[in-house]
Amino acid sequence: MNAFPPGNHDALWLPFTANRQFRASPRMLVSAHGMYYKDDKGNSVLDGCAGLWCVNAGHTRPRIVEAVQKTVATLDFAPAFQMGHPLAFEAADRVARLAPGNLNHVFFCNSGSEAGDSALKIALAYQRLRGEGTRTRLIGRERGYHGVGFGGISVGGISGNRKLYGSLLTGVDHLPHTLDLRRNAFSRGQPEHGAELADELERIVTLHDASNIAAVIVEPMSGSTGVLPAPKGYLKRLREICTKHGIVLIFDEVITGFGRLGASFAAEKYGVVPDIMTVAKGITNGTVPMGANIVSDKIFEAFMQGPPEAIDLPHGYTYTAHPIACAAAIATLDIYAEEHLFERAGALSSYFENAAHALRGYPHVVDIRNEGLVAGIELEPRPGTSTTRAYEIFDRAFRQGVLLRYTGDTVAISPPLIVEKNEIDRIFETIGRLLKEID
Ligand SMILES: Cc1ncc(COP(=O)(O)O)c(C=O)c1O
């Protein structure tokens with residue numbers, strides 16, 4: 001069977017894809033169950049990256065499927081502007097209860113990108129509402145990824161995602177990234193060195209004055225840019241500096257949320273609570289698009305001070321709190337809780353870590369990084385090119401029945417949290433074999 005349907009295949013423009021290369025040699029998925037996809041030739045493909053870091057409970061879980069089916073037949077759509085529905089309130093309450101500290105208020109959107117842009121807008125508006133309207137500057141980090149909206153790419157720090165799009169948002173600065181192969185190569189979990197890189201925020205504050213800075217946004221562990229766990233002490237230091245200077249701290253937990261690191265959120269794992277958290281992906285197990293901002297009491301309350309009849313946040317989406325997404329989120333959170341999947345990820349993480357680091361010394365490997373159920377294997381690029389080795393591993397692995405992810409020169413692994421030890425072995429054995437095969 002070949003699942004390429006008849007018709008003009010140029011009609012579909014795939015995102016973040018070399019479209020001509022893809023059409024010459026497609027990788028097609030036709031179904032999924034548990035840890036496995038099926039490709040168009042009927043081959044089983046072990047999911048080594050939870051789809052795209054999102055299918056944390058494994059594929060086509062009946063509980064989620066049934067919740068979605070029931071909801072689509074009962075309440076296919078409900079407007080979220082000046083209207084509500086019970087699933088939206090229930091989903092928000094469930095997400096807020098999972099979030100640490102005083103992150104008690106949930107604003108729904110449809111993706112991690114929308115969550116990133118929403119968080120920046122909420123932070124700017126918050127500063128103005130509390131009488132600090134000169135605070136308009138936004139601080140991101142080199143190598144950060146916060147999706148593809150204009151806000152997200154402006155504070156993001158991946159040059160390939162920025163360079164085609166002009167001047168982006170003005171008034172944005174970047175902290176330095178935290179990858180330091182010289183001091184931290186082959187770290188297990190959080191690297192020892194680099195907490196002092198958070199002090200760069202003090203330098204930016206000195207340059208612009210805190211009265212001009214609204215917010216800082218970082219991923220507690222950068223995923224899309226090649227798996228960079230924050231160095232030990234770094235996030236705590238950022239928190240302290242933000243608190244000292246009245247800067248809103250935003251954690252982008254689109255990847256790290258919902259168990260990926262062996263805790264509900266990185267904020268919980270590291271004991272550092274931001275003012276706003278952006279989430280998406282695992283919130284619905286990838287089944288239905290959904291993102292959210294989880295916002296602190298202090299920020300939420302600042303929006304509740306005006307006349308009660310005034311719209312407090314002039315922002316939102318047609319599909320905010322879509323009933324089907326809310327139903328999927330509730331069912332997903334039920335599965336996470338009942339199967340103790342976050343704890344399971346934590347318990348498996350040292351086995352996973354050992355399997356990843358067993359590839360140290362293999363051809364082309366210059367670093368291996370890991371945290372929870374995420375690992376990145378960074379390869380030496382071929383002279384004069386980048387990414388071709390990592391792409392080749394990704395492509396060959398797929399054709400041998402293992403789905404990986406590659407980003408730059410890093411092969412990334414982040415399986416569903418239901419992964420078994422023999423499947424972890426298979427993922428890393430496949431990578432090891434391919435590292436020896438390719439030039
Ligand atoms: C940390 C982070 N933020 C934001 C996003 C964007 O999410 P989406 O693709 O749902 O817009 C991603 C996607 O990978 C991400 O990893």
# chains A, B, ... in the order shown; residues from 1 in each chain; ligands from 1
$ residues_near_ligand --ligand "ligand 1" --cutoff "10 Å" --atoms "only C-alpha atoms and all ligand atoms" --output "JSON list (two decimals) with C-alpha atoms, in the first residue's frame"
[["chain", "number", "residue", "atom", "x", "y", "z"],
["A", 52, "LEU", "CA", 6.45, 15.93, 18.31],
["A", 53, "TRP", "CA", 7.11, 15.96, 22.08],
["A", 54, "CYS", "CA", 3.39, 15.81, 22.77],
["A", 109, "CYS", "CA", -5.39, 29.09, 23.31],
["A", 110, "ASN", "CA", -4.58, 26.54, 20.60],
["A", 111, "SER", "CA", -0.84, 26.03, 20.43],
["A", 112, "GLY", "CA", 2.50, 26.72, 22.04],
["A", 113, "SER", "CA", 3.05, 29.62, 19.66],
["A", 114, "GLU", "CA", -0.19, 31.26, 20.68],
["A", 115, "ALA", "CA", 0.65, 30.60, 24.32],
["A", 116, "GLY", "CA", 4.01, 32.36, 23.86],
["A", 117, "ASP", "CA", 2.52, 35.43, 22.21],
["A", 144, "GLY", "CA", 15.28, 29.76, 22.77],
["A", 145, "TYR", "CA", 12.20, 28.49, 20.93],
["A", 146, "HIS", "CA", 8.80, 29.94, 21.69],
["A", 147, "GLY", "CA", 6.95, 29.02, 18.55],
["A", 148, "VAL", "CA", 6.51, 30.89, 15.32],
["A", 149, "GLY", "CA", 4.32, 33.92, 16.05],
["A", 152, "GLY", "CA", 7.75, 34.05, 19.72],
["A", 153, "ILE", "CA", 10.37, 34.44, 17.01],
["A", 156, "GLY", "CA", 13.29, 33.25, 20.38],
["A", 218, "VAL", "CA", 12.95, 31.10, 28.89],
["A", 219, "GLU", "CA", 12.43, 27.38, 28.52],
["A", 220, "PRO", "CA", 13.54, 25.60, 31.71],
["A", 221, "MET", "CA", 14.99, 23.04, 29.32],
["A", 222, "SER", "CA", 15.30, 24.12, 25.71],
["A", 223, "GLY", "CA", 14.06, 21.26, 23.56],
["A", 224, "SER", "CA", 13.72, 22.34, 19.95],
["A", 225, "THR", "CA", 17.15, 23.90, 19.90],
["A", 251, "PHE", "CA", 8.62, 29.76, 31.75],
["A", 252, "ASP", "CA", 7.85, 28.18, 28.41],
["A", 253, "GLU", "CA", 6.86, 24.67, 29.50],
["A", 254, "VAL", "CA", 5.42, 23.61, 26.16],
["A", 255, "ILE", "CA", 7.81, 20.65, 26.12],
["A", 256, "THR", "CA", 8.73, 20.33, 29.79],
["A", 257, "GLY", "CA", 5.13, 20.37, 31.03],
["A", 278, "THR", "CA", 3.07, 28.59, 28.81],
["A", 279, "VAL", "CA", 1.96, 25.05, 28.03],
["A", 280, "ALA", "CA", 0.59, 23.10, 25.04],
["A", 281, "LYS", "CA", 1.48, 19.70, 23.49],
["A", 286, "GLY", "CA", -1.38, 15.89, 21.22],
["A", 289, "PRO", "CA", -4.63, 21.42, 19.41],
["A", 290, "MET", "CA", -4.57, 23.31, 22.68],
["A", 291, "GLY", "CA", -2.26, 25.68, 24.51]]
$ select_by_dssp --residues "stretch 310-364 of chain A" --states "helix (DSSP H, G or I)" --output "VMD selection string"
chain A and resid 323 to 338 341 to 357
$ select_by_dssp --residues "stretch 266-415 of chain A" --states "strand (DSSP E or B)" --output "JSON, numbers by chain"
{"A": [276, 277, 278, 279, 291, 292, 293, 294, 295, 296, 365, 366, 367, 368, 369, 370, 371, 374, 375, 376, 377, 378, 379, 402, 403, 405, 406, 407, 410, 411, 412, 413]}
$ residues_around --residues "stretch 172-189 of chain A" --least-positions-apart "4" --cutoff "8 Å" --atoms "only C-alpha atoms" --output "MDAnalysis selection string"
chainID A and resid 137:144 154:155 157 193:194 197:198 200:201 204 228:231 353 357 360 366:372
$ atom_distance --atom1 "atom CA of A:Lys244" --atom2 "atom CA of A:Thr134"
17.3 Å
$ decode --residues "stretch 216-367 of chain A" --atoms "C-alpha atoms" --output "PDB file, in the first residue's frame"
ATOM      1  CA  VAL A 216      11.890  37.521  30.613  1.00  0.00           C
ATOM      2  CA  ILE A 217      10.915  34.302  28.826  1.00  0.00           C
ATOM      3  CA  VAL A 218      12.951  31.097  28.887  1.00  0.00           C
ATOM      4  CA  GLU A 219      12.426  27.383  28.515  1.00  0.00           C
ATOM      5  CA  PRO A 220      13.538  25.597  31.705  1.00  0.00           C
ATOM      6  CA  MET A 221      14.993  23.041  29.317  1.00  0.00           C
ATOM      7  CA  SER A 222      15.295  24.116  25.705  1.00  0.00           C
ATOM      8  CA  GLY A 223      14.063  21.257  23.560  1.00  0.00           C
ATOM      9  CA  SER A 224      13.722  22.337  19.950  1.00  0.00           C
ATOM     10  CA  THR A 225      17.150  23.905  19.901  1.00  0.00           C
ATOM     11  CA  GLY A 226      18.901  20.685  20.788  1.00  0.00           C
ATOM     12  CA  VAL A 227      18.007  19.635  24.370  1.00  0.00           C
ATOM     13  CA  LEU A 228      19.702  22.096  26.713  1.00  0.00           C
ATOM     14  CA  PRO A 229      18.782  21.525  30.361  1.00  0.00           C
ATOM     15  CA  ALA A 230      19.327  24.663  32.457  1.00  0.00           C
ATOM     16  CA  PRO A 231      22.535  24.578  34.495  1.00  0.00           C
ATOM     17  CA  LYS A 232      22.148  23.909  38.211  1.00  0.00           C
ATOM     18  CA  GLY A 233      21.073  27.071  40.051  1.00  0.00           C
ATOM     19  CA  TYR A 234      20.426  29.055  36.856  1.00  0.00           C
ATOM     20  CA  LEU A 235      16.618  29.223  37.067  1.00  0.00           C
ATOM     21  CA  LYS A 236      16.661  30.129  40.762  1.00  0.00           C
ATOM     22  CA  ARG A 237      19.049  32.963  40.020  1.00  0.00           C
ATOM     23  CA  LEU A 238      16.827  34.223  37.177  1.00  0.00           C
ATOM     24  CA  ARG A 239      13.850  34.117  39.529  1.00  0.00           C
ATOM     25  CA  GLU A 240      15.705  36.161  42.135  1.00  0.00           C
ATOM     26  CA  ILE A 241      16.777  38.825  39.651  1.00  0.00           C
ATOM     27  CA  CYS A 242      13.275  39.098  38.148  1.00  0.00           C
ATOM     28  CA  THR A 243      11.705  39.437  41.588  1.00  0.00           C
ATOM     29  CA  LYS A 244      14.258  42.041  42.642  1.00  0.00           C
ATOM     30  CA  HIS A 245      13.556  44.190  39.577  1.00  0.00           C
ATOM     31  CA  GLY A 246       9.787  43.692  39.118  1.00  0.00           C
ATOM     32  CA  ILE A 247      10.241  41.748  35.872  1.00  0.00           C
ATOM     33  CA  VAL A 248       7.645  39.116  34.941  1.00  0.00           C
ATOM     34  CA  LEU A 249       9.262  35.693  34.636  1.00  0.00           C
ATOM     35  CA  ILE A 250       7.713  33.429  32.003  1.00  0.00           C
ATOM     36  CA  PHE A 251       8.621  29.759  31.748  1.00  0.00           C
ATOM     37  CA  ASP A 252       7.846  28.176  28.406  1.00  0.00           C
ATOM     38  CA  GLU A 253       6.863  24.670  29.500  1.00  0.00           C
ATOM     39  CA  VAL A 254       5.421  23.610  26.161  1.00  0.00           C
ATOM     40  CA  ILE A 255       7.806  20.646  26.116  1.00  0.00           C
ATOM     41  CA  THR A 256       8.734  20.328  29.794  1.00  0.00           C
ATOM     42  CA  GLY A 257       5.130  20.368  31.033  1.00  0.00           C
ATOM     43  CA  PHE A 258       3.030  17.289  31.734  1.00  0.00           C
ATOM     44  CA  GLY A 259       5.631  14.874  32.916  1.00  0.00           C
ATOM     45  CA  ARG A 260       8.409  15.061  30.356  1.00  0.00           C
ATOM     46  CA  LEU A 261      11.023  15.689  33.067  1.00  0.00           C
ATOM     47  CA  GLY A 262       9.504  13.315  35.617  1.00  0.00           C
ATOM     48  CA  ALA A 263       7.369  15.941  37.377  1.00  0.00           C
ATOM     49  CA  SER A 264       4.200  17.784  36.393  1.00  0.00           C
ATOM     50  CA  PHE A 265       6.265  20.790  35.293  1.00  0.00           C
ATOM     51  CA  ALA A 266       9.927  21.796  35.295  1.00  0.00           C
ATOM     52  CA  ALA A 267       8.915  24.545  37.746  1.00  0.00           C
ATOM     53  CA  GLU A 268       7.901  21.837  40.205  1.00  0.00           C
ATOM     54  CA  LYS A 269      10.947  19.693  39.549  1.00  0.00           C
ATOM     55  CA  TYR A 270      13.377  22.551  40.091  1.00  0.00           C
ATOM     56  CA  GLY A 271      11.385  24.330  42.820  1.00  0.00           C
ATOM     57  CA  VAL A 272      11.327  27.623  40.905  1.00  0.00           C
ATOM     58  CA  VAL A 273       7.911  29.123  40.168  1.00  0.00           C
ATOM     59  CA  PRO A 274       7.527  31.676  37.363  1.00  0.00           C
ATOM     60  CA  ASP A 275       4.786  34.323  37.118  1.00  0.00           C
ATOM     61  CA  ILE A 276       3.376  32.853  33.910  1.00  0.00           C
ATOM     62  CA  MET A 277       3.807  29.424  32.430  1.00  0.00           C
ATOM     63  CA  THR A 278       3.066  28.593  28.810  1.00  0.00           C
ATOM     64  CA  VAL A 279       1.962  25.047  28.031  1.00  0.00           C
ATOM     65  CA  ALA A 280       0.588  23.099  25.038  1.00  0.00           C
ATOM     66  CA  LYS A 281       1.480  19.704  23.495  1.00  0.00           C
ATOM     67  CA  GLY A 282       1.011  17.205  26.370  1.00  0.00           C
ATOM     68  CA  ILE A 283      -2.007  19.093  27.717  1.00  0.00           C
ATOM     69  CA  THR A 284      -4.221  17.052  25.353  1.00  0.00           C
ATOM     70  CA  ASN A 285      -1.709  14.296  24.649  1.00  0.00           C
ATOM     71  CA  GLY A 286      -1.382  15.885  21.222  1.00  0.00           C
ATOM     72  CA  THR A 287      -4.878  14.705  20.288  1.00  0.00           C
ATOM     73  CA  VAL A 288      -6.485  18.110  19.779  1.00  0.00           C
ATOM     74  CA  PRO A 289      -4.634  21.416  19.406  1.00  0.00           C
ATOM     75  CA  MET A 290      -4.573  23.311  22.684  1.00  0.00           C
ATOM     76  CA  GLY A 291      -2.259  25.678  24.510  1.00  0.00           C
ATOM     77  CA  ALA A 292      -2.589  27.664  27.709  1.00  0.00           C
ATOM     78  CA  ASN A 293      -1.099  30.347  29.893  1.00  0.00           C
ATOM     79  CA  ILE A 294      -1.112  29.512  33.573  1.00  0.00           C
ATOM     80  CA  VAL A 295      -0.957  32.830  35.376  1.00  0.00           C
ATOM     81  CA  SER A 296      -0.198  33.821  38.967  1.00  0.00           C
ATOM     82  CA  ASP A 297      -2.798  35.265  41.345  1.00  0.00           C
ATOM     83  CA  LYS A 298      -0.936  38.576  41.382  1.00  0.00           C
ATOM     84  CA  ILE A 299      -1.058  39.027  37.619  1.00  0.00           C
ATOM     85  CA  PHE A 300      -4.646  37.815  37.306  1.00  0.00           C
ATOM     86  CA  GLU A 301      -5.806  40.127  40.079  1.00  0.00           C
ATOM     87  CA  ALA A 302      -4.248  43.131  38.333  1.00  0.00           C
ATOM     88  CA  PHE A 303      -6.673  42.537  35.459  1.00  0.00           C
ATOM     89  CA  MET A 304      -9.695  42.353  37.793  1.00  0.00           C
ATOM     90  CA  GLN A 305      -9.439  45.907  39.140  1.00  0.00           C
ATOM     91  CA  GLY A 306     -11.346  47.885  36.480  1.00  0.00           C
ATOM     92  CA  PRO A 307     -15.122  48.277  36.174  1.00  0.00           C
ATOM     93  CA  PRO A 308     -16.683  44.791  36.243  1.00  0.00           C
ATOM     94  CA  GLU A 309     -18.422  45.394  32.921  1.00  0.00           C
ATOM     95  CA  ALA A 310     -15.133  46.233  31.132  1.00  0.00           C
ATOM     96  CA  ILE A 311     -13.407  43.481  29.176  1.00  0.00           C
ATOM     97  CA  ASP A 312     -10.302  42.792  31.244  1.00  0.00           C
ATOM     98  CA  LEU A 313      -8.115  41.150  28.584  1.00  0.00           C
ATOM     99  CA  PRO A 314      -8.823  42.208  24.995  1.00  0.00           C
ATOM    100  CA  HIS A 315      -7.252  39.067  23.600  1.00  0.00           C
ATOM    101  CA  GLY A 316      -8.435  35.578  22.667  1.00  0.00           C
ATOM    102  CA  TYR A 317      -9.137  33.174  19.853  1.00  0.00           C
ATOM    103  CA  THR A 318     -12.240  31.769  18.183  1.00  0.00           C
ATOM    104  CA  TYR A 319     -11.114  28.346  19.367  1.00  0.00           C
ATOM    105  CA  THR A 320     -10.099  29.340  22.916  1.00  0.00           C
ATOM    106  CA  ALA A 321     -11.288  26.561  25.237  1.00  0.00           C
ATOM    107  CA  HIS A 322     -12.734  24.573  22.349  1.00  0.00           C
ATOM    108  CA  PRO A 323     -15.040  21.930  23.857  1.00  0.00           C
ATOM    109  CA  ILE A 324     -13.277  19.054  22.089  1.00  0.00           C
ATOM    110  CA  ALA A 325      -9.859  20.238  23.260  1.00  0.00           C
ATOM    111  CA  CYS A 326     -11.152  20.664  26.812  1.00  0.00           C
ATOM    112  CA  ALA A 327     -12.614  17.152  26.778  1.00  0.00           C
ATOM    113  CA  ALA A 328      -9.314  15.782  25.481  1.00  0.00           C
ATOM    114  CA  ALA A 329      -7.392  17.694  28.168  1.00  0.00           C
ATOM    115  CA  ILE A 330      -9.565  16.368  31.003  1.00  0.00           C
ATOM    116  CA  ALA A 331      -9.291  12.769  29.757  1.00  0.00           C
ATOM    117  CA  THR A 332      -5.543  13.205  29.297  1.00  0.00           C
ATOM    118  CA  LEU A 333      -5.050  14.522  32.821  1.00  0.00           C
ATOM    119  CA  ASP A 334      -7.105  11.582  34.124  1.00  0.00           C
ATOM    120  CA  ILE A 335      -4.741   9.151  32.405  1.00  0.00           C
ATOM    121  CA  TYR A 336      -1.623  10.956  33.655  1.00  0.00           C
ATOM    122  CA  ALA A 337      -2.946  10.812  37.224  1.00  0.00           C
ATOM    123  CA  GLU A 338      -4.364   7.284  37.222  1.00  0.00           C
ATOM    124  CA  GLU A 339      -1.322   5.728  35.573  1.00  0.00           C
ATOM    125  CA  HIS A 340       1.119   7.883  37.573  1.00  0.00           C
ATOM    126  CA  LEU A 341       2.866   8.672  34.321  1.00  0.00           C
ATOM    127  CA  PHE A 342       4.917  11.602  35.608  1.00  0.00           C
ATOM    128  CA  GLU A 343       6.304   9.440  38.412  1.00  0.00           C
ATOM    129  CA  ARG A 344       6.866   6.653  35.908  1.00  0.00           C
ATOM    130  CA  ALA A 345       8.924   9.014  33.743  1.00  0.00           C
ATOM    131  CA  GLY A 346      10.955  10.014  36.791  1.00  0.00           C
ATOM    132  CA  ALA A 347      11.538   6.385  37.771  1.00  0.00           C
ATOM    133  CA  LEU A 348      12.653   5.440  34.250  1.00  0.00           C
ATOM    134  CA  SER A 349      14.903   8.444  33.753  1.00  0.00           C
ATOM    135  CA  SER A 350      18.119   6.914  35.075  1.00  0.00           C
ATOM    136  CA  TYR A 351      17.698   3.839  32.835  1.00  0.00           C
ATOM    137  CA  PHE A 352      17.039   6.187  29.928  1.00  0.00           C
ATOM    138  CA  GLU A 353      20.051   8.310  30.876  1.00  0.00           C
ATOM    139  CA  ASN A 354      22.348   5.284  30.932  1.00  0.00           C
ATOM    140  CA  ALA A 355      21.055   4.096  27.573  1.00  0.00           C
ATOM    141  CA  ALA A 356      21.700   7.531  26.064  1.00  0.00           C
ATOM    142  CA  HIS A 357      25.172   7.920  27.545  1.00  0.00           C
ATOM    143  CA  ALA A 358      26.143   4.440  26.368  1.00  0.00           C
ATOM    144  CA  LEU A 359      26.588   6.120  22.969  1.00  0.00           C
ATOM    145  CA  ARG A 360      29.487   8.201  24.274  1.00  0.00           C
ATOM    146  CA  GLY A 361      32.537   7.366  22.192  1.00  0.00           C
ATOM    147  CA  TYR A 362      30.502   6.370  19.127  1.00  0.00           C
ATOM    148  CA  PRO A 363      31.528   7.977  15.820  1.00  0.00           C
ATOM    149  CA  HIS A 364      30.613  11.670  15.376  1.00  0.00           C
ATOM    150  CA  VAL A 365      29.216  12.110  18.917  1.00  0.00           C
ATOM    151  CA  VAL A 366      30.434  15.335  20.556  1.00  0.00           C
ATOM    152  CA  ASP A 367      27.932  15.581  23.388  1.00  0.00           C
TER     153      ASP A 367
END
